[in-house]
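**Q** The following block contains the structure, expressed as structure tokens.
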Amino acid sequence: MERNDLLKIANEFGTPVYVYDAEKIQEKYQELEDIFSGLDFELHYAMKANENPAILKEILNLGGGVDAVSPNEIKRALKVGFRPSDIVFTPSFPDETEIDFAIKKGVQVHIGDTYLLKYILERHPDYSIGLRLNPETEIDGNQKIATAHSGSKFGIPLTELNYIRSLIKKGLKIDTLHIHTGSDVKKWEDLARSAEVLFSLLPDFPQVKKLDLGSGFKVKYNELSPQINMKAYASFLKKKIKETHRKLTLIFEPGKYLLSEAGYFLMKVNGVKQGYQKCFAGVNSGFHHFIRPMYYDALHEIINLSNPEGKIKIYDIVGQLCEEDTFAYGREMPEIRKGDILAIKNAGAYAFSMASLYNLRDKPGELLWKNGKISVITI
Ligand SMILES: Cc1ncc(COP(=O)(O)O)c(C=O)c1O
């Protein structure tokens, strides 16, 4: 989308507001189709990244499935039109009622918590499940988004394999092995190390037909962003599949890769204030709308849509909550004036879906830009 499109939208619909570019979602989806072509694979969009029904419909129309993490996500996916077989349920520490619900709906259930295995064997002995394992893959970077290291709460540790074997002997049915290394993983080799663990376990699981390799595909935050070599990862997977001599379907669960770059978050500058040490640009938002910089230390590009040619100055861009809610520290920007409209880039994933009503402030609206037209998709 062009700067002028965004500015026009902000003027017409007001701020704060999220805008999603449907064509970007299609482009990213096609990119993954191309990267993994030659493999037998399914794309299950991690709907926690952005669960707006209009976005889910885009994924459905592209032929994708979803990865859901709660009963309400399953309900929404079914309502939008996904079939139960299009849905992978990968909850973390669910209780038994959530598992019963997912099984009743007939979706694929992946279990990453040991305490549930015996329950499934006893209550649902005929239901084949997936097993989410913890491959002990350490990765660099923000540990808040690393999900497969030995200190992580996610996945069943490999030390439980004997226990799992004993349950299989008693009748537990497992058709899928699953790992998810983390989010925004920079090196394909880290993803490959996790996948390698699953490949090495295959002889123990002759009934397994699918490997769910999660996601973690890094996205581009700016021109200097390091890029993950997805082609090298795909080549590695092709080689491994060839070596196994088994017919295997791969599942990928991209969230950020499909949505991040498609989204913009538009905010208005309520005022600019020179402090003792810093100049603050205060916007009509905060971490209740966009929590990524505060929670993940995520560095998002911010554009001054209404004064792009202004003299470069340095700002802390802050929200209006009574906590520290800084979107950017010491950011060099074209001069920011009261009333200017700022756009945060890469705001399509883990952005609106993490918004809250904190301070009883309304959530932002949501808009979809498609074929040059804008529609309101706020729910
Ligand atoms: C099990 C699982 N799959 C997929 C994803 C999506 O990851 P990403 O948004 O990095 O693609 C997540 C995100 O945390 C996840 O927990």
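Residues are referred to by chain and number: the chain letter is A, B, ... according to the order shown in the structure tokens, the number counts from 1 in that chain, and ligands are numbered separately from 1 in the order shown.
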Within 12 Å of Thr97 in chain A, counting only C-alpha atoms, which residues qualify if same-chain residues fewer than 6 places away don't, as a ChimeraX atom specification?
**A** /A:70-71,103-104,116,119-120,123
**Q** Which residues are near range 267-274 of chain A? Cut-off 8 Å, only C-alpha atoms, ignore same chain within fewer than 6 positions. Put them as a PyMOL selection string.
**A** chain A and resi 15-17+280-285+336-343
**Q** Got a sec: who's within 6 Å of range 208-224 of chain A, counting only C-alpha atoms, leaving out chain neighbours fewer than 2 positions off, as a list in words?
**A**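 Result of the neighbour search: Asp175, Thr176, Leu177, His178, Ile179, His180, Gly182, Ser183, Asp184, Val185, Lys186, Phe205, Pro206, Ile228, Leu248, Thr249, Leu250, Ile251, Phe252, Glu253, Pro254 and Tyr257 of chain A.
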**Q** What would the file look like if the residues just selected were written as a PDB file, in the first residue's frame with N, CA and C atoms?
**A**
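The new file result-v7.pdb reads:
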ATOM      1  N   ASP A 175      -0.526 -40.379  15.011  1.00  0.00           N
ATOM      2  CA  ASP A 175      -0.297 -40.345  13.555  1.00  0.00           C
ATOM      3  C   ASP A 175       0.576 -39.189  13.100  1.00  0.00           C
ATOM      4  N   THR A 176       0.912 -38.280  14.043  1.00  0.00           N
ATOM      5  CA  THR A 176       1.691 -37.086  13.662  1.00  0.00           C
ATOM      6  C   THR A 176       2.723 -36.774  14.743  1.00  0.00           C
ATOM      7  N   LEU A 177       3.908 -36.368  14.327  1.00  0.00           N
ATOM      8  CA  LEU A 177       4.884 -35.831  15.277  1.00  0.00           C
ATOM      9  C   LEU A 177       5.029 -34.336  14.991  1.00  0.00           C
ATOM     10  N   HIS A 178       5.172 -33.553  16.034  1.00  0.00           N
ATOM     11  CA  HIS A 178       5.097 -32.095  15.905  1.00  0.00           C
ATOM     12  C   HIS A 178       6.216 -31.415  16.701  1.00  0.00           C
ATOM     13  N   ILE A 179       6.768 -30.374  16.105  1.00  0.00           N
ATOM     14  CA  ILE A 179       7.676 -29.464  16.838  1.00  0.00           C
ATOM     15  C   ILE A 179       7.385 -28.039  16.379  1.00  0.00           C
ATOM     16  N   HIS A 180       7.689 -27.087  17.240  1.00  0.00           N
ATOM     17  CA  HIS A 180       7.625 -25.678  16.829  1.00  0.00           C
ATOM     18  C   HIS A 180       8.793 -24.988  17.532  1.00  0.00           C
ATOM     19  N   GLY A 182      10.051 -21.845  17.425  1.00  0.00           N
ATOM     20  CA  GLY A 182       9.926 -20.498  17.982  1.00  0.00           C
ATOM     21  C   GLY A 182       9.388 -19.587  16.909  1.00  0.00           C
ATOM     22  N   SER A 183       9.401 -18.288  17.186  1.00  0.00           N
ATOM     23  CA  SER A 183       8.896 -17.326  16.214  1.00  0.00           C
ATOM     24  C   SER A 183      10.072 -16.482  15.743  1.00  0.00           C
ATOM     25  N   ASP A 184       9.996 -16.036  14.493  1.00  0.00           N
ATOM     26  CA  ASP A 184      11.021 -15.135  13.960  1.00  0.00           C
ATOM     27  C   ASP A 184      12.435 -15.734  14.072  1.00  0.00           C
ATOM     28  N   VAL A 185      12.553 -16.993  13.701  1.00  0.00           N
ATOM     29  CA  VAL A 185      13.842 -17.695  13.783  1.00  0.00           C
ATOM     30  C   VAL A 185      14.721 -17.221  12.621  1.00  0.00           C
ATOM     31  N   LYS A 186      15.955 -16.798  12.962  1.00  0.00           N
ATOM     32  CA  LYS A 186      16.791 -16.169  11.925  1.00  0.00           C
ATOM     33  C   LYS A 186      17.492 -17.195  11.039  1.00  0.00           C
ATOM     34  N   PHE A 205       8.042 -44.791  15.396  1.00  0.00           N
ATOM     35  CA  PHE A 205       6.620 -44.490  15.180  1.00  0.00           C
ATOM     36  C   PHE A 205       6.198 -44.907  13.765  1.00  0.00           C
ATOM     37  N   PRO A 206       6.091 -46.220  13.522  1.00  0.00           N
ATOM     38  CA  PRO A 206       5.788 -46.666  12.153  1.00  0.00           C
ATOM     39  C   PRO A 206       4.434 -46.183  11.650  1.00  0.00           C
ATOM     40  N   ILE A 228      15.862 -15.167   6.637  1.00  0.00           N
ATOM     41  CA  ILE A 228      16.066 -16.602   6.784  1.00  0.00           C
ATOM     42  C   ILE A 228      16.104 -17.226   5.384  1.00  0.00           C
ATOM     43  N   LEU A 248       5.286 -39.223   3.553  1.00  0.00           N
ATOM     44  CA  LEU A 248       5.030 -38.319   4.680  1.00  0.00           C
ATOM     45  C   LEU A 248       4.466 -36.995   4.192  1.00  0.00           C
ATOM     46  N   THR A 249       3.454 -36.503   4.887  1.00  0.00           N
ATOM     47  CA  THR A 249       2.960 -35.154   4.607  1.00  0.00           C
ATOM     48  C   THR A 249       3.548 -34.222   5.654  1.00  0.00           C
ATOM     49  N   LEU A 250       4.026 -33.072   5.205  1.00  0.00           N
ATOM     50  CA  LEU A 250       4.530 -32.077   6.155  1.00  0.00           C
ATOM     51  C   LEU A 250       3.450 -31.031   6.418  1.00  0.00           C
ATOM     52  N   ILE A 251       3.396 -30.585   7.653  1.00  0.00           N
ATOM     53  CA  ILE A 251       2.479 -29.490   8.003  1.00  0.00           C
ATOM     54  C   ILE A 251       3.337 -28.304   8.430  1.00  0.00           C
ATOM     55  N   PHE A 252       2.990 -27.119   7.940  1.00  0.00           N
ATOM     56  CA  PHE A 252       3.618 -25.888   8.425  1.00  0.00           C
ATOM     57  C   PHE A 252       2.519 -25.003   8.997  1.00  0.00           C
ATOM     58  N   GLU A 253       2.884 -24.238  10.024  1.00  0.00           N
ATOM     59  CA  GLU A 253       1.881 -23.411  10.718  1.00  0.00           C
ATOM     60  C   GLU A 253       2.298 -21.936  10.729  1.00  0.00           C
ATOM     61  N   PRO A 254       2.433 -21.323   9.571  1.00  0.00           N
ATOM     62  CA  PRO A 254       2.898 -19.930   9.553  1.00  0.00           C
ATOM     63  C   PRO A 254       1.850 -18.949  10.069  1.00  0.00           C
ATOM     64  N   TYR A 257       4.563 -14.973   9.101  1.00  0.00           N
ATOM     65  CA  TYR A 257       5.011 -14.919   7.706  1.00  0.00           C
ATOM     66  C   TYR A 257       3.876 -14.465   6.785  1.00  0.00           C
TER      67      TYR A 257
END
**Q** So that I can see what lies close to Val107 in chain A, please list as a list in words the residues with an atom at most 12 Å from it, counting only C-alpha atoms and leaving out residues fewer than 6 positions away in the same chain.
**A**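 With the cut-off at 12 Å, the set is Gly65, Val66, Asp67, Ala68, Val69, Ser70, Pro71, Glu73, Ile74, Lys75, Ala77, Leu78, Phe82, Arg83, Pro84, Ser85, Asp86, Ile87, Val88, Phe89, Thr90, Glu98, Ile99, Asp100, Phe101, Tyr127, Ser128, Ile129 and Gly130 of chain A.
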**Q** Any chance you can output those residues with N, CA, C and O atoms as a tab-separated table (two decimals), in the first residue's frame?
**A**
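The file below, again.tsv, is the result:
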chain	number	residue	atom	x	y	z
A	65	GLY	N	-5.41	-24.28	5.67
A	65	GLY	CA	-6.10	-24.70	6.88
A	65	GLY	C	-5.68	-23.76	7.99
A	65	GLY	O	-5.05	-22.73	7.74
A	66	VAL	N	-6.04	-24.10	9.24
A	66	VAL	CA	-5.60	-23.27	10.36
A	66	VAL	C	-5.00	-24.11	11.48
A	66	VAL	O	-5.24	-25.30	11.59
A	67	ASP	N	-4.22	-23.40	12.29
A	67	ASP	CA	-3.72	-23.94	13.55
A	67	ASP	C	-4.45	-23.15	14.63
A	67	ASP	O	-4.34	-21.91	14.68
A	68	ALA	N	-5.25	-23.84	15.45
A	68	ALA	CA	-6.03	-23.18	16.50
A	68	ALA	C	-5.49	-23.59	17.86
A	68	ALA	O	-4.96	-24.69	18.02
A	69	VAL	N	-5.64	-22.69	18.85
A	69	VAL	CA	-5.08	-23.00	20.16
A	69	VAL	C	-6.11	-22.94	21.30
A	69	VAL	O	-5.74	-23.10	22.45
A	70	SER	N	-7.36	-22.68	20.95
A	70	SER	CA	-8.38	-22.66	22.00
A	70	SER	C	-9.70	-23.14	21.39
A	70	SER	O	-9.88	-23.06	20.17
A	71	PRO	N	-10.64	-23.59	22.23
A	71	PRO	CA	-11.94	-23.99	21.70
A	71	PRO	C	-12.61	-22.86	20.92
A	71	PRO	O	-13.22	-23.10	19.89
A	73	GLU	N	-11.19	-20.53	19.19
A	73	GLU	CA	-10.57	-20.44	17.86
A	73	GLU	C	-11.12	-21.54	16.94
A	73	GLU	O	-11.39	-21.31	15.77
A	74	ILE	N	-11.29	-22.73	17.49
A	74	ILE	CA	-11.87	-23.83	16.68
A	74	ILE	C	-13.27	-23.43	16.22
A	74	ILE	O	-13.61	-23.56	15.04
A	75	LYS	N	-14.06	-22.90	17.16
A	75	LYS	CA	-15.45	-22.51	16.81
A	75	LYS	C	-15.43	-21.48	15.69
A	75	LYS	O	-16.21	-21.56	14.75
A	77	ALA	N	-13.09	-20.88	13.45
A	77	ALA	CA	-12.61	-21.44	12.18
A	77	ALA	C	-13.73	-22.24	11.50
A	77	ALA	O	-13.95	-22.14	10.29
A	78	LEU	N	-14.48	-23.01	12.29
A	78	LEU	CA	-15.58	-23.81	11.72
A	78	LEU	C	-16.65	-22.88	11.16
A	78	LEU	O	-17.19	-23.11	10.08
A	82	PHE	N	-13.99	-23.52	7.54
A	82	PHE	CA	-12.96	-24.56	7.49
A	82	PHE	C	-13.59	-25.89	7.90
A	82	PHE	O	-14.47	-25.92	8.78
A	83	ARG	N	-13.14	-26.97	7.27
A	83	ARG	CA	-13.63	-28.30	7.67
A	83	ARG	C	-12.83	-28.75	8.89
A	83	ARG	O	-11.68	-28.32	9.06
A	84	PRO	N	-13.37	-29.65	9.70
A	84	PRO	CA	-12.59	-30.13	10.86
A	84	PRO	C	-11.20	-30.63	10.45
A	84	PRO	O	-10.22	-30.38	11.14
A	85	SER	N	-11.12	-31.28	9.29
A	85	SER	CA	-9.82	-31.83	8.88
A	85	SER	C	-8.83	-30.72	8.47
A	85	SER	O	-7.64	-30.98	8.30
A	86	ASP	N	-9.33	-29.49	8.30
A	86	ASP	CA	-8.43	-28.37	7.97
A	86	ASP	C	-7.83	-27.76	9.24
A	86	ASP	O	-7.04	-26.82	9.16
A	87	ILE	N	-8.28	-28.24	10.40
A	87	ILE	CA	-7.90	-27.57	11.66
A	87	ILE	C	-6.98	-28.46	12.49
A	87	ILE	O	-7.29	-29.62	12.76
A	88	VAL	N	-5.84	-27.88	12.86
A	88	VAL	CA	-4.94	-28.54	13.81
A	88	VAL	C	-5.08	-27.80	15.13
A	88	VAL	O	-4.99	-26.57	15.16
A	89	PHE	N	-5.32	-28.53	16.20
A	89	PHE	CA	-5.48	-27.92	17.52
A	89	PHE	C	-4.20	-28.16	18.31
A	89	PHE	O	-3.86	-29.31	18.59
A	90	THR	N	-3.48	-27.08	18.63
A	90	THR	CA	-2.19	-27.23	19.31
A	90	THR	C	-2.18	-26.42	20.61
A	90	THR	O	-1.45	-25.44	20.74
A	98	GLU	N	-11.28	-29.20	27.13
A	98	GLU	CA	-10.88	-28.61	25.84
A	98	GLU	C	-10.55	-29.72	24.84
A	98	GLU	O	-10.86	-29.63	23.65
A	99	ILE	N	-9.92	-30.76	25.35
A	99	ILE	CA	-9.56	-31.90	24.48
A	99	ILE	C	-10.84	-32.61	24.04
A	99	ILE	O	-11.00	-32.94	22.84
A	100	ASP	N	-11.76	-32.82	24.98
A	100	ASP	CA	-13.04	-33.48	24.63
A	100	ASP	C	-13.74	-32.69	23.53
A	100	ASP	O	-14.27	-33.25	22.57
A	101	PHE	N	-13.75	-31.36	23.68
A	101	PHE	CA	-14.42	-30.50	22.70
A	101	PHE	C	-13.80	-30.67	21.31
A	101	PHE	O	-14.50	-30.88	20.31
A	127	TYR	N	-9.08	-42.43	18.92
A	127	TYR	CA	-8.73	-41.17	18.26
A	127	TYR	C	-7.22	-41.04	18.09
A	127	TYR	O	-6.47	-41.08	19.06
A	128	SER	N	-6.79	-40.92	16.84
A	128	SER	CA	-5.35	-40.74	16.58
A	128	SER	C	-4.96	-39.29	16.87
A	128	SER	O	-5.63	-38.37	16.41
A	129	ILE	N	-3.87	-39.13	17.56
A	129	ILE	CA	-3.44	-37.76	17.91
A	129	ILE	C	-2.04	-37.47	17.36
A	129	ILE	O	-1.33	-38.36	16.88
A	130	GLY	N	-1.68	-36.20	17.45
A	130	GLY	CA	-0.31	-35.79	17.16
A	130	GLY	C	0.41	-35.58	18.49
A	130	GLY	O	-0.21	-35.30	19.51
**Q** What is the CA of Gln277 in chain A-CA of Ile314 in chain A distance in Å, reported with one decimal?
**A**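 So the answer is 11.1 Å.
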**Q** Between A:Gly319, A:Gly64, A:Gly263, A:Pro125, which has the minimum distance to Met294 in chain A (counting only C-alpha atoms)?
**A**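 Between A:Gly319, A:Gly64, A:Gly263, A:Pro125, the residue approaching Met294 in chain A most closely is A:Gly319.
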**Q** Please identify which residues in range 56-183 of chain A DSSP calls strand (DSSP E or B) from the backbone, and express them as a ChimeraX atom specification.
**A** /A:65-68,87-89,108-111,129-134,146,156-157,174-178,182
**Q** Could you write those residues out with N, CA and C atoms, as an mmCIF file, in the first residue's frame?
**A**
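Dumped everything to out-v9.cif:
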data_model
loop_
_atom_site.group_PDB
_atom_site.id
_atom_site.type_symbol
_atom_site.label_atom_id
_atom_site.label_comp_id
_atom_site.auth_asym_id
_atom_site.auth_seq_id
_atom_site.Cartn_x
_atom_site.Cartn_y
_atom_site.Cartn_z
ATOM 1 N N GLY A 65 -5.412 -24.284 5.668
ATOM 2 C CA GLY A 65 -6.100 -24.700 6.880
ATOM 3 C C GLY A 65 -5.682 -23.758 7.992
ATOM 4 N N VAL A 66 -6.041 -24.100 9.241
ATOM 5 C CA VAL A 66 -5.604 -23.266 10.359
ATOM 6 C C VAL A 66 -4.998 -24.106 11.482
ATOM 7 N N ASP A 67 -4.221 -23.400 12.293
ATOM 8 C CA ASP A 67 -3.719 -23.937 13.547
ATOM 9 C C ASP A 67 -4.450 -23.148 14.632
ATOM 10 N N ALA A 68 -5.249 -23.844 15.449
ATOM 11 C CA ALA A 68 -6.034 -23.182 16.495
ATOM 12 C C ALA A 68 -5.489 -23.593 17.861
ATOM 13 N N ILE A 87 -8.281 -28.239 10.396
ATOM 14 C CA ILE A 87 -7.905 -27.572 11.655
ATOM 15 C C ILE A 87 -6.982 -28.457 12.487
ATOM 16 N N VAL A 88 -5.839 -27.880 12.861
ATOM 17 C CA VAL A 88 -4.938 -28.539 13.805
ATOM 18 C C VAL A 88 -5.085 -27.798 15.134
ATOM 19 N N PHE A 89 -5.324 -28.532 16.196
ATOM 20 C CA PHE A 89 -5.482 -27.915 17.523
ATOM 21 C C PHE A 89 -4.197 -28.165 18.308
ATOM 22 N N GLN A 108 -7.818 -32.242 14.163
ATOM 23 C CA GLN A 108 -6.570 -32.914 14.534
ATOM 24 C C GLN A 108 -6.095 -32.336 15.865
ATOM 25 N N VAL A 109 -5.801 -33.212 16.811
ATOM 26 C CA VAL A 109 -5.411 -32.740 18.146
ATOM 27 C C VAL A 109 -3.937 -33.084 18.387
ATOM 28 N N HIS A 110 -3.157 -32.064 18.705
ATOM 29 C CA HIS A 110 -1.743 -32.289 18.989
ATOM 30 C C HIS A 110 -1.486 -32.043 20.474
ATOM 31 N N ILE A 111 -0.926 -33.036 21.099
ATOM 32 C CA ILE A 111 -0.745 -32.976 22.553
ATOM 33 C C ILE A 111 0.729 -32.712 22.879
ATOM 34 N N ILE A 129 -3.867 -39.130 17.561
ATOM 35 C CA ILE A 129 -3.438 -37.761 17.914
ATOM 36 C C ILE A 129 -2.043 -37.474 17.362
ATOM 37 N N GLY A 130 -1.683 -36.197 17.450
ATOM 38 C CA GLY A 130 -0.313 -35.794 17.160
ATOM 39 C C GLY A 130 0.408 -35.581 18.486
ATOM 40 N N LEU A 131 1.715 -35.719 18.440
ATOM 41 C CA LEU A 131 2.523 -35.579 19.649
ATOM 42 C C LEU A 131 3.462 -34.403 19.456
ATOM 43 N N ARG A 132 3.283 -33.357 20.264
ATOM 44 C CA ARG A 132 4.224 -32.227 20.160
ATOM 45 C C ARG A 132 5.397 -32.479 21.098
ATOM 46 N N LEU A 133 6.579 -32.560 20.520
ATOM 47 C CA LEU A 133 7.763 -32.892 21.309
ATOM 48 C C LEU A 133 8.626 -31.651 21.526
ATOM 49 N N ASN A 134 9.466 -31.727 22.536
ATOM 50 C CA ASN A 134 10.431 -30.650 22.761
ATOM 51 C C ASN A 134 11.802 -31.162 22.323
ATOM 52 N N ALA A 146 11.188 -18.148 21.899
ATOM 53 C CA ALA A 146 11.880 -19.418 21.663
ATOM 54 C C ALA A 146 11.078 -20.506 22.364
ATOM 55 N N ILE A 156 6.541 -32.179 24.764
ATOM 56 C CA ILE A 156 6.848 -33.274 25.690
ATOM 57 C C ILE A 156 8.346 -33.570 25.597
ATOM 58 N N PRO A 157 9.030 -33.620 26.732
ATOM 59 C CA PRO A 157 10.471 -33.869 26.662
ATOM 60 C C PRO A 157 10.772 -35.281 26.138
ATOM 61 N N ILE A 174 -0.932 -42.645 17.554
ATOM 62 C CA ILE A 174 -0.244 -41.395 17.210
ATOM 63 C C ILE A 174 0.022 -41.389 15.708
ATOM 64 N N ASP A 175 -0.526 -40.379 15.011
ATOM 65 C CA ASP A 175 -0.297 -40.345 13.555
ATOM 66 C C ASP A 175 0.576 -39.189 13.100
ATOM 67 N N THR A 176 0.912 -38.280 14.043
ATOM 68 C CA THR A 176 1.691 -37.086 13.662
ATOM 69 C C THR A 176 2.723 -36.774 14.743
ATOM 70 N N LEU A 177 3.908 -36.368 14.327
ATOM 71 C CA LEU A 177 4.884 -35.831 15.277
ATOM 72 C C LEU A 177 5.029 -34.336 14.991
ATOM 73 N N HIS A 178 5.172 -33.553 16.034
ATOM 74 C CA HIS A 178 5.097 -32.095 15.905
ATOM 75 C C HIS A 178 6.216 -31.415 16.701
ATOM 76 N N GLY A 182 10.051 -21.845 17.425
ATOM 77 C CA GLY A 182 9.926 -20.498 17.982
ATOM 78 C C GLY A 182 9.388 -19.587 16.909
#
**Q** Of the candidates A:Asp34, A:Asp126, A:Glu261, A:Glu324, which one gets nearest to ligand 1 if we count only C-alpha atoms and all ligand atoms?
**A** A:Glu261
**Q** Of the candidates A:Val197, A:Ala148, A:Ile168, A:Val318, which one gets nearest to ligand 1 if we count only C-alpha atoms and all ligand atoms?
**A**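 When distances to ligand 1 are compared using only C-alpha atoms and all ligand atoms, the smallest one comes from A:Ala148.
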